[in-house]
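Q: Structure file work_30.cif, mmCIF, N, CA and C atoms, pLDDT in the B column; chains and numbers go by the auth columns, is pasted below:
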data_structure
loop_
_atom_site.group_PDB
_atom_site.id
_atom_site.type_symbol
_atom_site.label_atom_id
_atom_site.label_comp_id
_atom_site.label_asym_id
_atom_site.label_seq_id
_atom_site.Cartn_x
_atom_site.Cartn_y
_atom_site.Cartn_z
_atom_site.B_iso_or_equiv
_atom_site.auth_seq_id
_atom_site.auth_asym_id
ATOM 1 N N MET A 1 -11.222 26.954 15.039 96.00 249 A
ATOM 2 C CA MET A 1 -9.897 26.846 15.602 96.00 249 A
ATOM 3 C C MET A 1 -8.903 26.624 14.461 96.00 249 A
ATOM 4 N N LYS A 2 -7.830 27.388 14.423 96.00 250 A
ATOM 5 C CA LYS A 2 -6.815 27.258 13.392 96.00 250 A
ATOM 6 C C LYS A 2 -5.824 26.173 13.796 96.00 250 A
ATOM 7 N N THR A 3 -5.615 25.193 12.896 98.00 251 A
ATOM 8 C CA THR A 3 -4.703 24.079 13.141 98.00 251 A
ATOM 9 C C THR A 3 -4.020 23.686 11.837 98.00 251 A
ATOM 10 N N ILE A 4 -3.035 22.800 11.939 98.00 252 A
ATOM 11 C CA ILE A 4 -2.379 22.246 10.763 98.00 252 A
ATOM 12 C C ILE A 4 -2.792 20.785 10.663 98.00 252 A
ATOM 13 N N HIS A 5 -3.219 20.384 9.460 98.00 253 A
ATOM 14 C CA HIS A 5 -3.641 19.012 9.209 98.00 253 A
ATOM 15 C C HIS A 5 -2.788 18.418 8.109 98.00 253 A
ATOM 16 N N LYS A 6 -2.609 17.102 8.170 98.00 254 A
ATOM 17 C CA LYS A 6 -1.860 16.361 7.150 98.00 254 A
ATOM 18 C C LYS A 6 -2.848 15.529 6.344 98.00 254 A
ATOM 19 N N PHE A 7 -2.699 15.552 5.011 98.00 255 A
ATOM 20 C CA PHE A 7 -3.561 14.801 4.110 98.00 255 A
ATOM 21 C C PHE A 7 -2.701 13.969 3.170 98.00 255 A
ATOM 22 N N THR A 8 -3.080 12.710 2.983 97.00 256 A
ATOM 23 C CA THR A 8 -2.405 11.861 2.008 97.00 256 A
ATOM 24 C C THR A 8 -2.725 12.371 0.612 97.00 256 A
ATOM 25 N N LEU A 9 -1.719 12.399 -0.231 97.00 257 A
ATOM 26 C CA LEU A 9 -1.862 12.936 -1.587 97.00 257 A
ATOM 27 C C LEU A 9 -1.776 11.797 -2.590 97.00 257 A
ATOM 28 N N ASP A 10 -2.823 11.622 -3.368 94.00 258 A
ATOM 29 C CA ASP A 10 -2.834 10.683 -4.489 94.00 258 A
ATOM 30 C C ASP A 10 -2.554 11.476 -5.762 94.00 258 A
ATOM 31 N N PRO A 11 -2.348 10.785 -6.909 89.00 259 A
ATOM 32 C CA PRO A 11 -2.109 11.539 -8.148 89.00 259 A
ATOM 33 C C PRO A 11 -3.185 12.589 -8.426 89.00 259 A
ATOM 34 N N SER A 12 -4.445 12.286 -8.100 93.00 260 A
ATOM 35 C CA SER A 12 -5.526 13.277 -8.141 93.00 260 A
ATOM 36 C C SER A 12 -6.277 13.166 -6.821 93.00 260 A
ATOM 37 N N THR A 13 -6.352 14.276 -6.106 97.00 261 A
ATOM 38 C CA THR A 13 -6.920 14.279 -4.762 97.00 261 A
ATOM 39 C C THR A 13 -7.953 15.379 -4.633 97.00 261 A
ATOM 40 N N VAL A 14 -9.095 15.048 -4.033 98.00 262 A
ATOM 41 C CA VAL A 14 -10.129 16.030 -3.714 98.00 262 A
ATOM 42 C C VAL A 14 -10.214 16.113 -2.193 98.00 262 A
ATOM 43 N N LEU A 15 -10.078 17.321 -1.658 98.00 263 A
ATOM 44 C CA LEU A 15 -10.179 17.542 -0.214 98.00 263 A
ATOM 45 C C LEU A 15 -11.345 18.482 0.072 98.00 263 A
ATOM 46 N N THR A 16 -12.086 18.189 1.116 98.00 264 A
ATOM 47 C CA THR A 16 -13.145 19.083 1.575 98.00 264 A
ATOM 48 C C THR A 16 -12.573 19.881 2.733 98.00 264 A
ATOM 49 N N ILE A 17 -12.147 21.105 2.403 98.00 265 A
ATOM 50 C CA ILE A 17 -11.462 21.985 3.348 98.00 265 A
ATOM 51 C C ILE A 17 -11.953 23.415 3.118 98.00 265 A
ATOM 52 N N PRO A 18 -11.686 24.320 4.060 98.00 266 A
ATOM 53 C CA PRO A 18 -12.115 25.707 3.847 98.00 266 A
ATOM 54 C C PRO A 18 -11.448 26.346 2.626 98.00 266 A
ATOM 55 N N ALA A 19 -12.170 27.240 1.987 96.00 267 A
ATOM 56 C CA ALA A 19 -11.603 28.001 0.870 96.00 267 A
ATOM 57 C C ALA A 19 -10.375 28.786 1.319 96.00 267 A
ATOM 58 N N SER A 20 -10.372 29.208 2.587 97.00 268 A
ATOM 59 C CA SER A 20 -9.268 30.008 3.124 97.00 268 A
ATOM 60 C C SER A 20 -8.078 29.167 3.571 97.00 268 A
ATOM 61 N N ALA A 21 -8.171 27.827 3.480 98.00 269 A
ATOM 62 C CA ALA A 21 -7.075 26.955 3.927 98.00 269 A
ATOM 63 C C ALA A 21 -5.804 27.269 3.146 98.00 269 A
ATOM 64 N N LYS A 22 -4.682 27.227 3.845 98.00 270 A
ATOM 65 C CA LYS A 22 -3.393 27.586 3.252 98.00 270 A
ATOM 66 C C LYS A 22 -2.509 26.342 3.200 98.00 270 A
ATOM 67 N N VAL A 23 -2.128 25.937 1.987 97.00 271 A
ATOM 68 C CA VAL A 23 -1.226 24.799 1.833 97.00 271 A
ATOM 69 C C VAL A 23 0.166 25.248 2.250 97.00 271 A
ATOM 70 N N LEU A 24 0.749 24.528 3.199 98.00 272 A
ATOM 71 C CA LEU A 24 2.064 24.893 3.723 98.00 272 A
ATOM 72 C C LEU A 24 3.201 24.214 2.970 98.00 272 A
ATOM 73 N N THR A 25 3.051 22.902 2.734 97.00 273 A
ATOM 74 C CA THR A 25 4.118 22.172 2.047 97.00 273 A
ATOM 75 C C THR A 25 3.594 20.841 1.550 97.00 273 A
ATOM 76 N N VAL A 26 4.363 20.240 0.683 98.00 274 A
ATOM 77 C CA VAL A 26 4.120 18.880 0.215 98.00 274 A
ATOM 78 C C VAL A 26 5.443 18.144 0.375 98.00 274 A
ATOM 79 N N ASN A 27 5.366 16.882 0.856 97.00 275 A
ATOM 80 C CA ASN A 27 6.591 16.124 1.074 97.00 275 A
ATOM 81 C C ASN A 27 6.246 14.658 1.270 97.00 275 A
ATOM 82 N N LEU A 28 7.279 13.831 1.313 97.00 276 A
ATOM 83 C CA LEU A 28 7.095 12.415 1.603 97.00 276 A
ATOM 84 C C LEU A 28 7.176 12.174 3.099 97.00 276 A
ATOM 85 N N GLN A 29 6.340 11.276 3.586 97.00 277 A
ATOM 86 C CA GLN A 29 6.439 10.776 4.949 97.00 277 A
ATOM 87 C C GLN A 29 6.123 9.290 4.878 97.00 277 A
ATOM 88 N N GLY A 30 7.056 8.474 5.323 95.00 278 A
ATOM 89 C CA GLY A 30 6.869 7.037 5.217 95.00 278 A
ATOM 90 C C GLY A 30 6.755 6.564 3.782 95.00 278 A
ATOM 91 N N GLY A 31 7.397 7.263 2.860 93.00 279 A
ATOM 92 C CA GLY A 31 7.367 6.904 1.453 93.00 279 A
ATOM 93 C C GLY A 31 6.110 7.326 0.713 93.00 279 A
ATOM 94 N N GLN A 32 5.176 7.959 1.413 96.00 280 A
ATOM 95 C CA GLN A 32 3.887 8.381 0.841 96.00 280 A
ATOM 96 C C GLN A 32 3.839 9.906 0.754 96.00 280 A
ATOM 97 N N PRO A 33 3.375 10.483 -0.370 97.00 281 A
ATOM 98 C CA PRO A 33 3.259 11.943 -0.458 97.00 281 A
ATOM 99 C C PRO A 33 2.104 12.465 0.394 97.00 281 A
ATOM 100 N N HIS A 34 2.344 13.593 1.045 98.00 282 A
ATOM 101 C CA HIS A 34 1.338 14.241 1.893 98.00 282 A
ATOM 102 C C HIS A 34 1.356 15.750 1.671 98.00 282 A
ATOM 103 N N LEU A 35 0.204 16.363 1.954 98.00 283 A
ATOM 104 C CA LEU A 35 0.068 17.819 2.026 98.00 283 A
ATOM 105 C C LEU A 35 -0.122 18.201 3.480 98.00 283 A
ATOM 106 N N TRP A 36 0.527 19.282 3.913 98.00 284 A
ATOM 107 C CA TRP A 36 0.266 19.862 5.233 98.00 284 A
ATOM 108 C C TRP A 36 -0.432 21.190 4.985 98.00 284 A
ATOM 109 N N ILE A 37 -1.604 21.340 5.601 98.00 285 A
ATOM 110 C CA ILE A 37 -2.468 22.484 5.318 98.00 285 A
ATOM 111 C C ILE A 37 -2.896 23.142 6.618 98.00 285 A
ATOM 112 N N GLU A 38 -2.734 24.467 6.682 98.00 286 A
ATOM 113 C CA GLU A 38 -3.231 25.253 7.813 98.00 286 A
ATOM 114 C C GLU A 38 -4.670 25.624 7.511 98.00 286 A
ATOM 115 N N LEU A 39 -5.561 25.304 8.449 98.00 287 A
ATOM 116 C CA LEU A 39 -6.967 25.612 8.202 98.00 287 A
ATOM 117 C C LEU A 39 -7.701 25.933 9.495 98.00 287 A
ATOM 118 N N ASP A 40 -8.790 26.625 9.326 98.00 288 A
ATOM 119 C CA ASP A 40 -9.682 26.958 10.442 98.00 288 A
ATOM 120 C C ASP A 40 -10.787 25.901 10.442 98.00 288 A
ATOM 121 N N THR A 41 -10.819 25.074 11.467 96.00 289 A
ATOM 122 C CA THR A 41 -11.786 23.971 11.512 96.00 289 A
ATOM 123 C C THR A 41 -13.229 24.454 11.595 96.00 289 A
ATOM 124 N N ASP A 42 -13.438 25.714 11.960 96.00 290 A
ATOM 125 C CA ASP A 42 -14.792 26.269 12.075 96.00 290 A
ATOM 126 C C ASP A 42 -15.280 26.943 10.787 96.00 290 A
ATOM 127 N N ALA A 43 -14.397 27.131 9.823 97.00 291 A
ATOM 128 C CA ALA A 43 -14.755 27.826 8.578 97.00 291 A
ATOM 129 C C ALA A 43 -15.565 26.903 7.664 97.00 291 A
ATOM 130 N N PRO A 44 -16.454 27.486 6.853 97.00 292 A
ATOM 131 C CA PRO A 44 -17.221 26.682 5.889 97.00 292 A
ATOM 132 C C PRO A 44 -16.279 25.975 4.917 97.00 292 A
ATOM 133 N N LYS A 45 -16.646 24.772 4.510 97.00 293 A
ATOM 134 C CA LYS A 45 -15.770 23.962 3.671 97.00 293 A
ATOM 135 C C LYS A 45 -16.276 23.876 2.234 97.00 293 A
ATOM 136 N N ILE A 46 -15.318 23.721 1.332 98.00 294 A
ATOM 137 C CA ILE A 46 -15.593 23.510 -0.082 98.00 294 A
ATOM 138 C C ILE A 46 -14.693 22.369 -0.557 98.00 294 A
ATOM 139 N N GLN A 47 -14.925 21.904 -1.757 98.00 295 A
ATOM 140 C CA GLN A 47 -14.033 20.909 -2.330 98.00 295 A
ATOM 141 C C GLN A 47 -12.914 21.619 -3.078 98.00 295 A
ATOM 142 N N ARG A 48 -11.669 21.186 -2.799 98.00 296 A
ATOM 143 C CA ARG A 48 -10.500 21.708 -3.501 98.00 296 A
ATOM 144 C C ARG A 48 -9.772 20.529 -4.124 98.00 296 A
ATOM 145 N N TYR A 49 -9.235 20.752 -5.315 98.00 297 A
ATOM 146 C CA TYR A 49 -8.687 19.676 -6.136 98.00 297 A
ATOM 147 C C TYR A 49 -7.184 19.855 -6.321 98.00 297 A
ATOM 148 N N PHE A 50 -6.446 18.746 -6.190 98.00 298 A
ATOM 149 C CA PHE A 50 -4.992 18.749 -6.331 98.00 298 A
ATOM 150 C C PHE A 50 -4.599 17.619 -7.276 98.00 298 A
ATOM 151 N N THR A 51 -3.592 17.861 -8.095 97.00 299 A
ATOM 152 C CA THR A 51 -3.100 16.824 -8.996 97.00 299 A
ATOM 153 C C THR A 51 -1.600 16.955 -9.165 97.00 299 A
ATOM 154 N N SER A 52 -0.996 15.899 -9.682 96.00 300 A
ATOM 155 C CA SER A 52 0.458 15.854 -9.853 96.00 300 A
ATOM 156 C C SER A 52 0.797 15.542 -11.302 96.00 300 A
ATOM 157 N N PHE A 53 1.920 16.088 -11.739 97.00 301 A
ATOM 158 C CA PHE A 53 2.431 15.826 -13.081 97.00 301 A
ATOM 159 C C PHE A 53 3.891 15.425 -12.961 97.00 301 A
ATOM 160 N N GLY A 54 4.271 14.396 -13.701 96.00 302 A
ATOM 161 C CA GLY A 54 5.678 14.007 -13.734 96.00 302 A
ATOM 162 C C GLY A 54 6.468 14.987 -14.579 96.00 302 A
ATOM 163 N N THR A 55 7.755 15.058 -14.324 96.00 303 A
ATOM 164 C CA THR A 55 8.637 15.893 -15.138 96.00 303 A
ATOM 165 C C THR A 55 8.542 15.446 -16.590 96.00 303 A
ATOM 166 N N GLY A 56 8.327 16.391 -17.481 95.00 304 A
ATOM 167 C CA GLY A 56 8.226 16.109 -18.909 95.00 304 A
ATOM 168 C C GLY A 56 6.840 15.714 -19.369 95.00 304 A
ATOM 169 N N HIS A 57 5.904 15.519 -18.424 95.00 305 A
ATOM 170 C CA HIS A 57 4.535 15.157 -18.797 95.00 305 A
ATOM 171 C C HIS A 57 3.725 16.411 -19.125 95.00 305 A
ATOM 172 N N GLU A 58 2.752 16.248 -19.984 95.00 306 A
ATOM 173 C CA GLU A 58 1.894 17.364 -20.372 95.00 306 A
ATOM 174 C C GLU A 58 1.019 17.802 -19.195 95.00 306 A
ATOM 175 N N ILE A 59 0.917 19.099 -18.985 95.00 307 A
ATOM 176 C CA ILE A 59 -0.017 19.674 -18.013 95.00 307 A
ATOM 177 C C ILE A 59 -1.297 19.927 -18.803 95.00 307 A
ATOM 178 N N ASP A 60 -2.229 18.979 -18.669 93.00 308 A
ATOM 179 C CA ASP A 60 -3.389 18.960 -19.558 93.00 308 A
ATOM 180 C C ASP A 60 -4.673 19.508 -18.934 93.00 308 A
ATOM 181 N N VAL A 61 -4.553 20.180 -17.792 94.00 309 A
ATOM 182 C CA VAL A 61 -5.706 20.828 -17.156 94.00 309 A
ATOM 183 C C VAL A 61 -5.279 22.207 -16.688 94.00 309 A
ATOM 184 N N PRO A 62 -6.214 23.152 -16.587 95.00 310 A
ATOM 185 C CA PRO A 62 -5.867 24.468 -16.058 95.00 310 A
ATOM 186 C C PRO A 62 -5.436 24.341 -14.588 95.00 310 A
ATOM 187 N N THR A 63 -4.423 25.075 -14.201 95.00 311 A
ATOM 188 C CA THR A 63 -3.934 25.025 -12.825 95.00 311 A
ATOM 189 C C THR A 63 -4.144 26.370 -12.137 95.00 311 A
ATOM 190 N N LYS A 64 -4.380 26.315 -10.816 95.00 312 A
ATOM 191 C CA LYS A 64 -4.550 27.538 -10.017 95.00 312 A
ATOM 192 C C LYS A 64 -3.253 27.952 -9.341 95.00 312 A
ATOM 193 N N ALA A 65 -2.563 26.962 -8.739 96.00 313 A
ATOM 194 C CA ALA A 65 -1.367 27.289 -7.961 96.00 313 A
ATOM 195 C C ALA A 65 -0.419 26.107 -7.932 96.00 313 A
ATOM 196 N N PHE A 66 0.868 26.397 -8.058 97.00 314 A
ATOM 197 C CA PHE A 66 1.904 25.386 -7.877 97.00 314 A
ATOM 198 C C PHE A 66 2.101 25.203 -6.376 97.00 314 A
ATOM 199 N N ILE A 67 2.086 23.950 -5.909 97.00 315 A
ATOM 200 C CA ILE A 67 2.229 23.651 -4.490 97.00 315 A
ATOM 201 C C ILE A 67 3.666 23.291 -4.139 97.00 315 A
ATOM 202 N N GLY A 68 4.273 22.402 -4.919 98.00 316 A
ATOM 203 C CA GLY A 68 5.642 21.997 -4.641 98.00 316 A
ATOM 204 C C GLY A 68 6.032 20.787 -5.462 98.00 316 A
ATOM 205 N N THR A 69 7.273 20.351 -5.283 98.00 317 A
ATOM 206 C CA THR A 69 7.834 19.226 -6.012 98.00 317 A
ATOM 207 C C THR A 69 8.194 18.128 -5.020 98.00 317 A
ATOM 208 N N ILE A 70 7.902 16.884 -5.408 97.00 318 A
ATOM 209 C CA ILE A 70 8.231 15.727 -4.574 97.00 318 A
ATOM 210 C C ILE A 70 9.280 14.900 -5.304 97.00 318 A
ATOM 211 N N PHE A 71 10.375 14.585 -4.607 97.00 319 A
ATOM 212 C CA PHE A 71 11.438 13.748 -5.141 97.00 319 A
ATOM 213 C C PHE A 71 11.328 12.375 -4.477 97.00 319 A
ATOM 214 N N PHE A 72 10.958 11.358 -5.253 95.00 320 A
ATOM 215 C CA PHE A 72 10.817 10.009 -4.722 95.00 320 A
ATOM 216 C C PHE A 72 12.171 9.301 -4.720 95.00 320 A
ATOM 217 N N PRO A 73 12.400 8.389 -3.783 95.00 321 A
ATOM 218 C CA PRO A 73 13.677 7.677 -3.710 95.00 321 A
ATOM 219 C C PRO A 73 14.022 6.895 -4.979 95.00 321 A
ATOM 220 N N ASP A 74 13.010 6.475 -5.738 94.00 322 A
ATOM 221 C CA ASP A 74 13.254 5.694 -6.960 94.00 322 A
ATOM 222 C C ASP A 74 13.622 6.559 -8.158 94.00 322 A
ATOM 223 N N GLY A 75 13.719 7.880 -7.956 94.00 323 A
ATOM 224 C CA GLY A 75 14.121 8.782 -9.029 94.00 323 A
ATOM 225 C C GLY A 75 12.981 9.537 -9.688 94.00 323 A
ATOM 226 N N PHE A 76 11.733 9.135 -9.419 94.00 324 A
ATOM 227 C CA PHE A 76 10.610 9.871 -9.990 94.00 324 A
ATOM 228 C C PHE A 76 10.494 11.243 -9.328 94.00 324 A
ATOM 229 N N VAL A 77 10.058 12.214 -10.115 97.00 325 A
ATOM 230 C CA VAL A 77 9.844 13.571 -9.611 97.00 325 A
ATOM 231 C C VAL A 77 8.457 14.004 -10.051 97.00 325 A
ATOM 232 N N PHE A 78 7.622 14.421 -9.074 96.00 326 A
ATOM 233 C CA PHE A 78 6.275 14.883 -9.369 96.00 326 A
ATOM 234 C C PHE A 78 6.097 16.311 -8.893 96.00 326 A
ATOM 235 N N HIS A 79 5.350 17.082 -9.665 97.00 327 A
ATOM 236 C CA HIS A 79 5.094 18.487 -9.382 97.00 327 A
ATOM 237 C C HIS A 79 3.602 18.603 -9.063 97.00 327 A
ATOM 238 N N VAL A 80 3.291 19.143 -7.897 98.00 328 A
ATOM 239 C CA VAL A 80 1.917 19.166 -7.381 98.00 328 A
ATOM 240 C C VAL A 80 1.311 20.546 -7.595 98.00 328 A
ATOM 241 N N TYR A 81 0.077 20.561 -8.103 98.00 329 A
ATOM 242 C CA TYR A 81 -0.674 21.788 -8.353 98.00 329 A
ATOM 243 C C TYR A 81 -2.057 21.691 -7.755 98.00 329 A
ATOM 244 N N GLU A 82 -2.604 22.838 -7.391 97.00 330 A
ATOM 245 C CA GLU A 82 -4.038 22.910 -7.135 97.00 330 A
ATOM 246 C C GLU A 82 -4.701 23.228 -8.456 97.00 330 A
ATOM 247 N N VAL A 83 -5.772 22.523 -8.760 96.00 331 A
ATOM 248 C CA VAL A 83 -6.467 22.714 -10.046 96.00 331 A
ATOM 249 C C VAL A 83 -7.920 23.071 -9.805 96.00 331 A
#
Can the structure in the file be given as structure tokens, please?
A:
Amino acid sequence: MKTIHKFTLDPSTVLTIPASAKVLTVNLQGGQPHLWIELDTDAPKIQRYFTSFGTGHEIDVPTKAFIGTIFFPDGFVFHVYEV
């Protein structure tokens, strides 16, 4: 069944989701960063890895896809990638 799920995002996050899962957006909810992902709950699952980098910080790992940017109320800005 195809549905949209919300996942809490830490600076480095590993999710067990289908390879075909589609990341829709990243944003804050309740002050906490989250990913919203469209996925088929019946599809085989794999581990997928996500990480964040602050503006001006070195991107020190190979990246697969840029997911989005999160603007925190305290002025911090993080850029989320799938790695």
Q: On this file, the PyMOL selection byres ((chain A and resi 313) around 6) gives some set of residues; write that set as a ChimeraX atom specification.
A: /A:311-312,314-315,328-331
Q: Using all atoms listed in the file, determine which residues lie at most 6 Å from segment 271-273 of chain A, disregarding the query and same-chain residues fewer than 5 positions distant; provide the list as a list in words.
A: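 Counting all atoms listed in the file, the residues come to His282, Leu283, Trp284, Ile285 and Glu286 of chain A.
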Q: Would you mind writing down, as a tab-separated table (two decimals) with N, CA and C atoms, in the coordinates of the input, each residue of chain A that DSSP on the backbone assigns to strand (DSSP E or B)?
A:
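Okay, result.tsv is ready:
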chain	number	residue	atom	x	y	z
A	250	LYS	N	-7.83	27.39	14.42
A	250	LYS	CA	-6.82	27.26	13.39
A	250	LYS	C	-5.82	26.17	13.80
A	251	THR	N	-5.62	25.19	12.90
A	251	THR	CA	-4.70	24.08	13.14
A	251	THR	C	-4.02	23.69	11.84
A	252	ILE	N	-3.04	22.80	11.94
A	252	ILE	CA	-2.38	22.25	10.76
A	252	ILE	C	-2.79	20.78	10.66
A	253	HIS	N	-3.22	20.38	9.46
A	253	HIS	CA	-3.64	19.01	9.21
A	253	HIS	C	-2.79	18.42	8.11
A	254	LYS	N	-2.61	17.10	8.17
A	254	LYS	CA	-1.86	16.36	7.15
A	254	LYS	C	-2.85	15.53	6.34
A	255	PHE	N	-2.70	15.55	5.01
A	255	PHE	CA	-3.56	14.80	4.11
A	255	PHE	C	-2.70	13.97	3.17
A	256	THR	N	-3.08	12.71	2.98
A	256	THR	CA	-2.40	11.86	2.01
A	256	THR	C	-2.72	12.37	0.61
A	260	SER	N	-4.44	12.29	-8.10
A	260	SER	CA	-5.53	13.28	-8.14
A	260	SER	C	-6.28	13.17	-6.82
A	261	THR	N	-6.35	14.28	-6.11
A	261	THR	CA	-6.92	14.28	-4.76
A	261	THR	C	-7.95	15.38	-4.63
A	262	VAL	N	-9.10	15.05	-4.03
A	262	VAL	CA	-10.13	16.03	-3.71
A	262	VAL	C	-10.21	16.11	-2.19
A	263	LEU	N	-10.08	17.32	-1.66
A	263	LEU	CA	-10.18	17.54	-0.21
A	263	LEU	C	-11.34	18.48	0.07
A	264	THR	N	-12.09	18.19	1.12
A	264	THR	CA	-13.14	19.08	1.58
A	264	THR	C	-12.57	19.88	2.73
A	265	ILE	N	-12.15	21.10	2.40
A	265	ILE	CA	-11.46	21.98	3.35
A	265	ILE	C	-11.95	23.42	3.12
A	266	PRO	N	-11.69	24.32	4.06
A	266	PRO	CA	-12.12	25.71	3.85
A	266	PRO	C	-11.45	26.35	2.63
A	270	LYS	N	-4.68	27.23	3.84
A	270	LYS	CA	-3.39	27.59	3.25
A	270	LYS	C	-2.51	26.34	3.20
A	271	VAL	N	-2.13	25.94	1.99
A	271	VAL	CA	-1.23	24.80	1.83
A	271	VAL	C	0.17	25.25	2.25
A	272	LEU	N	0.75	24.53	3.20
A	272	LEU	CA	2.06	24.89	3.72
A	272	LEU	C	3.20	24.21	2.97
A	273	THR	N	3.05	22.90	2.73
A	273	THR	CA	4.12	22.17	2.05
A	273	THR	C	3.59	20.84	1.55
A	274	VAL	N	4.36	20.24	0.68
A	274	VAL	CA	4.12	18.88	0.22
A	274	VAL	C	5.44	18.14	0.38
A	275	ASN	N	5.37	16.88	0.86
A	275	ASN	CA	6.59	16.12	1.07
A	275	ASN	C	6.25	14.66	1.27
A	276	LEU	N	7.28	13.83	1.31
A	276	LEU	CA	7.10	12.42	1.60
A	276	LEU	C	7.18	12.17	3.10
A	277	GLN	N	6.34	11.28	3.59
A	277	GLN	CA	6.44	10.78	4.95
A	277	GLN	C	6.12	9.29	4.88
A	280	GLN	N	5.18	7.96	1.41
A	280	GLN	CA	3.89	8.38	0.84
A	280	GLN	C	3.84	9.91	0.75
A	281	PRO	N	3.38	10.48	-0.37
A	281	PRO	CA	3.26	11.94	-0.46
A	281	PRO	C	2.10	12.46	0.39
A	282	HIS	N	2.34	13.59	1.04
A	282	HIS	CA	1.34	14.24	1.89
A	282	HIS	C	1.36	15.75	1.67
A	283	LEU	N	0.20	16.36	1.95
A	283	LEU	CA	0.07	17.82	2.03
A	283	LEU	C	-0.12	18.20	3.48
A	284	TRP	N	0.53	19.28	3.91
A	284	TRP	CA	0.27	19.86	5.23
A	284	TRP	C	-0.43	21.19	4.99
A	285	ILE	N	-1.60	21.34	5.60
A	285	ILE	CA	-2.47	22.48	5.32
A	285	ILE	C	-2.90	23.14	6.62
A	286	GLU	N	-2.73	24.47	6.68
A	286	GLU	CA	-3.23	25.25	7.81
A	286	GLU	C	-4.67	25.62	7.51
A	287	LEU	N	-5.56	25.30	8.45
A	287	LEU	CA	-6.97	25.61	8.20
A	287	LEU	C	-7.70	25.93	9.49
A	288	ASP	N	-8.79	26.62	9.33
A	288	ASP	CA	-9.68	26.96	10.44
A	288	ASP	C	-10.79	25.90	10.44
A	293	LYS	N	-16.65	24.77	4.51
A	293	LYS	CA	-15.77	23.96	3.67
A	293	LYS	C	-16.28	23.88	2.23
A	294	ILE	N	-15.32	23.72	1.33
A	294	ILE	CA	-15.59	23.51	-0.08
A	294	ILE	C	-14.69	22.37	-0.56
A	295	GLN	N	-14.92	21.90	-1.76
A	295	GLN	CA	-14.03	20.91	-2.33
A	295	GLN	C	-12.91	21.62	-3.08
A	296	ARG	N	-11.67	21.19	-2.80
A	296	ARG	CA	-10.50	21.71	-3.50
A	296	ARG	C	-9.77	20.53	-4.12
A	297	TYR	N	-9.24	20.75	-5.32
A	297	TYR	CA	-8.69	19.68	-6.14
A	297	TYR	C	-7.18	19.86	-6.32
A	298	PHE	N	-6.45	18.75	-6.19
A	298	PHE	CA	-4.99	18.75	-6.33
A	298	PHE	C	-4.60	17.62	-7.28
A	299	THR	N	-3.59	17.86	-8.10
A	299	THR	CA	-3.10	16.82	-9.00
A	299	THR	C	-1.60	16.95	-9.16
A	300	SER	N	-1.00	15.90	-9.68
A	300	SER	CA	0.46	15.85	-9.85
A	300	SER	C	0.80	15.54	-11.30
A	301	PHE	N	1.92	16.09	-11.74
A	301	PHE	CA	2.43	15.83	-13.08
A	301	PHE	C	3.89	15.42	-12.96
A	302	GLY	N	4.27	14.40	-13.70
A	302	GLY	CA	5.68	14.01	-13.73
A	302	GLY	C	6.47	14.99	-14.58
A	313	ALA	N	-2.56	26.96	-8.74
A	313	ALA	CA	-1.37	27.29	-7.96
A	313	ALA	C	-0.42	26.11	-7.93
A	314	PHE	N	0.87	26.40	-8.06
A	314	PHE	CA	1.90	25.39	-7.88
A	314	PHE	C	2.10	25.20	-6.38
A	315	ILE	N	2.09	23.95	-5.91
A	315	ILE	CA	2.23	23.65	-4.49
A	315	ILE	C	3.67	23.29	-4.14
A	316	GLY	N	4.27	22.40	-4.92
A	316	GLY	CA	5.64	22.00	-4.64
A	316	GLY	C	6.03	20.79	-5.46
A	317	THR	N	7.27	20.35	-5.28
A	317	THR	CA	7.83	19.23	-6.01
A	317	THR	C	8.19	18.13	-5.02
A	318	ILE	N	7.90	16.88	-5.41
A	318	ILE	CA	8.23	15.73	-4.57
A	318	ILE	C	9.28	14.90	-5.30
A	319	PHE	N	10.38	14.58	-4.61
A	319	PHE	CA	11.44	13.75	-5.14
A	319	PHE	C	11.33	12.38	-4.48
A	325	VAL	N	10.06	12.21	-10.12
A	325	VAL	CA	9.84	13.57	-9.61
A	325	VAL	C	8.46	14.00	-10.05
A	326	PHE	N	7.62	14.42	-9.07
A	326	PHE	CA	6.28	14.88	-9.37
A	326	PHE	C	6.10	16.31	-8.89
A	327	HIS	N	5.35	17.08	-9.66
A	327	HIS	CA	5.09	18.49	-9.38
A	327	HIS	C	3.60	18.60	-9.06
A	328	VAL	N	3.29	19.14	-7.90
A	328	VAL	CA	1.92	19.17	-7.38
A	328	VAL	C	1.31	20.55	-7.60
A	329	TYR	N	0.08	20.56	-8.10
A	329	TYR	CA	-0.67	21.79	-8.35
A	329	TYR	C	-2.06	21.69	-7.76
A	330	GLU	N	-2.60	22.84	-7.39
A	330	GLU	CA	-4.04	22.91	-7.14
A	330	GLU	C	-4.70	23.23	-8.46
Q: Could you tell me which of A:Leu287, A:Phe255, A:Ile265, A:Ser260 comes closest to Val309 of chain A if we count only C-alpha atoms?
A: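 Among the listed residues, the smallest separation from Val309 of chain A belongs to A:Ser260.
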Q: Can you tell me, as a PyMOL selection string, what residues are no more than 8 Å from Ala291 of chain A when counting only N, CA and C atoms, ignoring any on the same chain fewer than 5 positions away?
A: chain A and resi 249+265-268
Q: Which distance in Å separates atom CA of Phe298 of chain A and atom CA of Val325 of chain A, to one decimal?
A: 16.1 Å
Q: For the atom pair atom CA of Gly279 of chain A and atom CA of Lys293 of chain A, what is the interatomic distance in Å to one decimal place?
A: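 For atom CA of Gly279 of chain A relative to atom CA of Lys293 of chain A, the distance reads 28.8 Å.
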Q: In Å, rounded to a single decimal, give me how far atom C of Pro259 of chain A is from atom N of Phe301 of chain A.
A: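 Calculated distance between atom N of Phe301 of chain A and atom C of Pro259 of chain A is 7.0 Å.
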